[in-house]
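The structure appears right after this line, and notes come after that.
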Amino acid sequence: MPKSTLKSYLLILFLLAFSYAHGQKGDYLLSHYSLDVDGLDNLNFELKVNDDGQLCIANRSGVLLYEGHNWVYQATPSAALSLDFDSVGHIYVGCAGDFGKFGFEDGKYQFISLNPNKTDESLYFKSIVRDSLAFFVSESNLIRYHIGQEKSYITYLEDPDEYFTYLFEADSNIMVQTNKKIYRYHDDQLLDDFDWKLPENAQFLFFDKHPTRDQYVAGTTDNKVYIYRKKNFYECKMSKFLTEHESFVNNGVWVDENHFALSTLEDGIILYSNRYSKIVDVINHDKGLPDNEIYTIGRDHEGGLWISHEFGLSRLEIGVPFRSFTNYHGLEGNLKDIFWFSGHLYVSTSKGVFFLEKSLNYKNTVYYVPVKGGAATPTTASTSKKSKKAQRSRGKKKGPTSGGNKKTASTKYERRVKKHLVSSGYEFTKVEGIEAKCEKFIRYKKKLLVASSNGLYEIKKEYNKKEKEWEHIAELVVHEPIRFTFIDNHEGRLVIANHYNEIKLYNHEDEIWVQEDQIDFHGEMVLSALHQYNGITWFATPSHLYRYDSLSSTYHDFKEYKYHNQFIDEVRIAAIDNQLYLINSIGYFYLDGALDTILEDTTLMQAIGKPIKHLQEHGGKVWVNNGDAWYQINRNKSVIKREIFGLFPDMTFITNYRDNIWLIDQSHELLKYYPSEDDSLIWRNHMYLR
């Protein structure tokens, strides 16, 4: 097997095994950014965040600044390869053939060269600012720029075969690495007197300090990862994984106090928990990353990891209690609804219904076992070629020997195949039998139903004897173009509003849905309905609210109330504070029982603002977005601002299941919110919210 194929195979096995252990948790959130500056490409060399939280990027065309809203481009005379900041926020940049800082010159904020050598062709690939000094290093030069004196000093290597390879800080010391040794820079000299237990033949690729503690994560060119503290190096379990999978690491940074991340050239990002000494996740194309080849990475002050790749930038967020289920294989179409039934998660989409299930991956091993009681195989010595040749060579004809007709015992073997479980994971599988846009799920007794543009389907789980496995199939039980549907709690009937503005009532008899009645709205469009446990049903049309105490074509005592919905907006009907509410994009309206009319609720309008977007949980809670934030209106009319959900201003669906909130975003993300996890980090996630 070719090495590249073997490597891919091993990596796939690892990822699938990891998915089995953590798959149901969901994937970390990724947000993606494009560099919105004309003429720039995505080749970035270094990412850092200054004290103000501004992202600064050393790009092939210059320096890019991003504060969460807009990209600002600052030109450099050549490719910007490295950067750092001083205590007052000045940006120092190492370039191709130059180094300098950004400041005001001739009344303009621009790059100011600090290099007295105008014919320099060195690549200053690393920059560090410490106290009053700025260091820039290339293969041939180590530059020390004194900020107070505004003067540059150069250090050369005496050995002509020695060259600089890296510059980093360790224990408050500036360390200079060459292809032969590591020096400590002190008093304008390169000293090799630093007393530490250096790994054998160490050539560091990265050396990053922990956010709060005096320890570092370090990586070497032989693909080993270490934790360094108190002049000792402790090799991580990560090294074994990198060796087995031949992953080429190019950078590593701490993401927060417990995790560090490694970027690779072809396997994406590896997230490692130093606290538990294990790999937490591998974030690659299968987990939503646009590309597996990573140029560089950097962390911000808000727990985010910035990832540079061919298609721009991505930001990995591990500090908020949301996980994505969208990247699981198999899910197709625009997501509509989520439901749990018989231990399975079901998702309705514009392409049908999908369910999440465990996938088992096996390999077959062939082996042979002796068959007990197998008959002996008669063999004759004279039949062998060796015996015949011996007789001819002697020129004599000999009769059979005493052992000529002896039966020699020969063991028979039987070929068998054994299946070995090599990995497990989770994936979405499509329910067979539905080729239509599906919307809402309904539970009817022990049955799962789903409404679609083609009609109502029942989803069944049946055992396939031939394949020896369970299958999920769907059967069309009611052929109607459904707009919405619900179950009549008192009568146990199915109520369907179709796209022909008809309300039809079905009864379940002998496993067949039979239409028994139809309510005529005389062509008026029915937008939504609310069926209450007391048997009262409310229907909303673009201009009226109707109350039915009994769902029957013979019931004529229904009441109607006029309200404002001139834009035929989607209407939420909800029971709030023992009153009936209508919510649309215009405002909040309630039915005043004493006046027998619909009035506007100005208190909710003042507390929340205009309901630009509005959703409703299965339990009845209403969610409203006023353009800036999401608010939850409870049944007792209390209002809670759900600030962390501002991460997803374009939610199209939300529901609560077993104390966890699930939502669907307009970008077709299926997300799970874990309220049990600490979401107090919201105060420091301003850039992510932006």
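Ligands are numbered from 1 in the order shown, residues from 1 within each chain, and chains are lettered A, B, ... in the order they appear in the structure tokens.
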Check segment 10-111 of chain A with DSSP on the backbone and list each residue it calls strand (DSSP E), as a ChimeraX atom specification. /A:29-33,44-49,55-59,62-66,71-75,80-85,91-95,99-105,108-111
Write out as a PyMOL selection string the residues lying within 6 Å of Gly298 of chain A, counting only C-alpha atoms and excluding same-chain residues fewer than 3 positions away. chain A and resi 47-48+305-306
Restricting the calculation to only C-alpha atoms, which member of A:Asn50, A:Gln177, A:Ser359, A:Ser61 is positioned closest to Val88 of chain A?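 When distances to Val88 of chain A are compared using only C-alpha atoms, the smallest one comes from A:Asn50.
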Write out as CSV the residues of segment 575-601 of chain A that have any atom within 12 Å of an atom of segment 531-534 of chain A, one row each with the nearest atom pair and its distance in Å to one decimal, counting only C-alpha atoms, sorted by chain and then rising number.
residue,atom,partner,partner_atom,distance
A:Ala575,CA,A:Gln532,CA,8.6
A:Asn578,CA,A:Gln532,CA,11.6
A:Gln579,CA,A:Gln532,CA,11.9
A:Leu580,CA,A:Gln532,CA,10.5
Same residues, N, CA and C atoms, saved as an mmCIF file, in the first residue's frame:
data_model
loop_
_atom_site.group_PDB
_atom_site.id
_atom_site.type_symbol
_atom_site.label_atom_id
_atom_site.label_comp_id
_atom_site.auth_asym_id
_atom_site.auth_seq_id
_atom_site.Cartn_x
_atom_site.Cartn_y
_atom_site.Cartn_z
ATOM 1 N N ALA A 575 -50.588 31.279 23.835
ATOM 2 C CA ALA A 575 -51.288 31.565 25.084
ATOM 3 C C ALA A 575 -50.261 32.122 26.062
ATOM 4 N N ASN A 578 -52.469 33.744 30.376
ATOM 5 C CA ASN A 578 -53.903 33.421 30.315
ATOM 6 C C ASN A 578 -54.665 34.273 29.304
ATOM 7 N N GLN A 579 -53.958 34.763 28.324
ATOM 8 C CA GLN A 579 -54.596 35.508 27.245
ATOM 9 C C GLN A 579 -54.077 34.986 25.908
ATOM 10 N N LEU A 580 -54.878 35.201 24.887
ATOM 11 C CA LEU A 580 -54.476 34.774 23.557
ATOM 12 C C LEU A 580 -53.723 35.904 22.874
#
Can you pull out the residues contacting Asp517 of chain A? Cut-off 8 Å, using only C-alpha atoms, and skip same-chain residues under 6 positions away; I want them as number ranges by chain. A: 504-506, 552-553
Suppose we keep N, CA and C atoms; can you now write the selection as a PDB file, in the first residue's frame?
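For reference, selection25.pdb as written:
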ATOM      1  N   LYS A 504     -59.260  20.113   6.703  1.00  0.00           N
ATOM      2  CA  LYS A 504     -59.824  18.774   6.646  1.00  0.00           C
ATOM      3  C   LYS A 504     -59.522  18.017   7.927  1.00  0.00           C
ATOM      4  N   LEU A 505     -60.480  17.211   8.352  1.00  0.00           N
ATOM      5  CA  LEU A 505     -60.356  16.434   9.576  1.00  0.00           C
ATOM      6  C   LEU A 505     -60.353  14.952   9.234  1.00  0.00           C
ATOM      7  N   TYR A 506     -59.315  14.240   9.730  1.00  0.00           N
ATOM      8  CA  TYR A 506     -59.152  12.810   9.458  1.00  0.00           C
ATOM      9  C   TYR A 506     -59.212  12.016  10.749  1.00  0.00           C
ATOM     10  N   SER A 552     -66.009  21.347  13.538  1.00  0.00           N
ATOM     11  CA  SER A 552     -67.038  20.651  12.766  1.00  0.00           C
ATOM     12  C   SER A 552     -67.584  21.597  11.709  1.00  0.00           C
ATOM     13  N   SER A 553     -67.943  21.030  10.574  1.00  0.00           N
ATOM     14  CA  SER A 553     -68.537  21.837   9.513  1.00  0.00           C
ATOM     15  C   SER A 553     -69.933  22.316   9.889  1.00  0.00           C
TER      16      SER A 553
END
Contacts of segment 287-295 of chain A at 10 Å (only C-alpha atoms; same-chain gap of 3+ positions) as a PyMOL selection string: chain A and resi 26-32+42-46+249-251+262-269+281-284+307-316+324-329
Please provide the set of residues having any atom within 10 Å of Ile154 of chain A, restricted to only C-alpha atoms, with same-chain residues fewer than 2 positions apart removed, written as a list in words. Phe135, Phe136, Val137, Asn141, Leu142, Ile143, Arg144, Tyr145, Ser152, Tyr156 and Asp188 of chain A
Dump of N, CA and C atoms for the selected residues, as a CSV table (one decimal), in the first residue's frame:
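To be explicit, this is the file written out as selection-v1.csv:
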chain,number,residue,atom,x,y,z
A,135,PHE,N,13.2,42.9,18.0
A,135,PHE,CA,14.1,42.0,17.3
A,135,PHE,C,13.4,41.5,16.0
A,136,PHE,N,14.3,41.4,15.0
A,136,PHE,CA,13.9,40.9,13.7
A,136,PHE,C,15.0,39.9,13.2
A,137,VAL,N,14.6,38.8,12.8
A,137,VAL,CA,15.6,37.8,12.4
A,137,VAL,C,15.3,37.2,11.0
A,141,ASN,N,20.7,37.4,9.4
A,141,ASN,CA,20.9,38.6,10.2
A,141,ASN,C,20.0,38.5,11.5
A,142,LEU,N,20.4,39.0,12.6
A,142,LEU,CA,19.6,39.2,13.8
A,142,LEU,C,19.7,40.7,14.1
A,143,ILE,N,18.6,41.4,14.0
A,143,ILE,CA,18.5,42.8,14.1
A,143,ILE,C,17.9,43.1,15.5
A,144,ARG,N,18.6,44.0,16.2
A,144,ARG,CA,18.1,44.5,17.5
A,144,ARG,C,17.9,46.0,17.3
A,145,TYR,N,16.6,46.4,17.3
A,145,TYR,CA,16.3,47.9,17.2
A,145,TYR,C,15.9,48.4,18.6
A,152,SER,N,19.2,50.8,14.9
A,152,SER,CA,19.3,49.4,14.7
A,152,SER,C,20.7,48.9,14.8
A,156,TYR,N,25.9,39.1,13.6
A,156,TYR,CA,26.2,38.1,12.6
A,156,TYR,C,26.7,36.8,13.4
A,188,ASP,N,23.7,42.2,24.2
A,188,ASP,CA,24.1,42.3,22.9
A,188,ASP,C,25.0,41.2,22.4
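Within segment 123-310 of chain A, DSSP applied to the backbone places the following residues in alpha helix (DSSP H): Met238, Ser239, Lys240, Phe241, Leu242, Thr243, Glu244 and His245 of chain A.
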Give me, as a tab-separated table, the closest atom pair and its distance (Å, one decimal) for every residue of segment 324-381 of chain A within a cut-off of 10 Å of segment 449-467 of chain A, counting only C-alpha atoms, rows sorted by chain and rising number.
residue	atom	partner	partner_atom	distance
A:Asp337	CA	A:Val450	CA	9.6
A:Phe339	CA	A:Val450	CA	9.9
A:Ser342	CA	A:Lys461	CA	9.4
A:Ser348	CA	A:Val450	CA	8.0
A:Thr349	CA	A:Ser452	CA	9.6
A:Ser350	CA	A:Ser452	CA	9.0
A:Gly352	CA	A:Ser452	CA	8.4
A:Val353	CA	A:Val450	CA	8.5
Which of these, A:Ile503, A:Ile482, A:Leu670, A:Ala529, has the shortest distance to Glu332 of chain A once you count only C-alpha atoms? A:Leu670
Separation of atom CA of Ile644 of chain A and atom CA of Gly620 of chain A, in Å? 20.8 Å
Please, what distance in Å, to one decimal, runs between atom CA of Tyr500 of chain A and atom CA of Val478 of chain A? 15.1 Å
Residues near Tyr581 of chain A, anyone? I mean within 10 Å using only C-alpha atoms, not counting same-chain ones fewer than 6 positions away, as a list in words.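 These residues fall inside the cut-off: Val571, Arg572, Ile573, Ala574, Ala575, Tyr588, Phe589, Tyr590, Leu591, Asp592, Ile598, Leu599, Glu600 and Asp601 of chain A.
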Counting only C-alpha atoms, which of A:Tyr166, A:Tyr657, A:Tyr183, A:Tyr234 gets nearest to Lys197 of chain A?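 That would be A:Tyr234, the residue with the smallest distance to Lys197 of chain A.
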Between A:Thr554, A:Ile586, A:Gly68, A:Phe194, which residue has the minimum interatomic distance to Asp569 of chain A, considering only C-alpha atoms? A:Ile586
In Å and to one decimal, atom CA of Ser78 of chain A is distant from atom CA of Arg299 of chain A by 25.2 Å
Residues within 9 Å of segment 35-38 of chain A, please, as a ChimeraX atom specification. Count only C-alpha atoms; anything in the same chain fewer than 6 positions from it doesn't count. /A:64,70-73,312-313
Could you tell me which of A:Ser273, A:His668, A:Asp300, A:Glu480 comes closest to Glu67 of chain A if we count only C-alpha atoms?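 The shortest atom-to-atom distance to Glu67 of chain A comes from A:Asp300.
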Which one of A:Lys412, A:Phe104, A:Leu81, A:Arg60 sits closest to Gly39 of chain A if you count only C-alpha atoms?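 Ranked by minimum distance to Gly39 of chain A, first place goes to A:Arg60.
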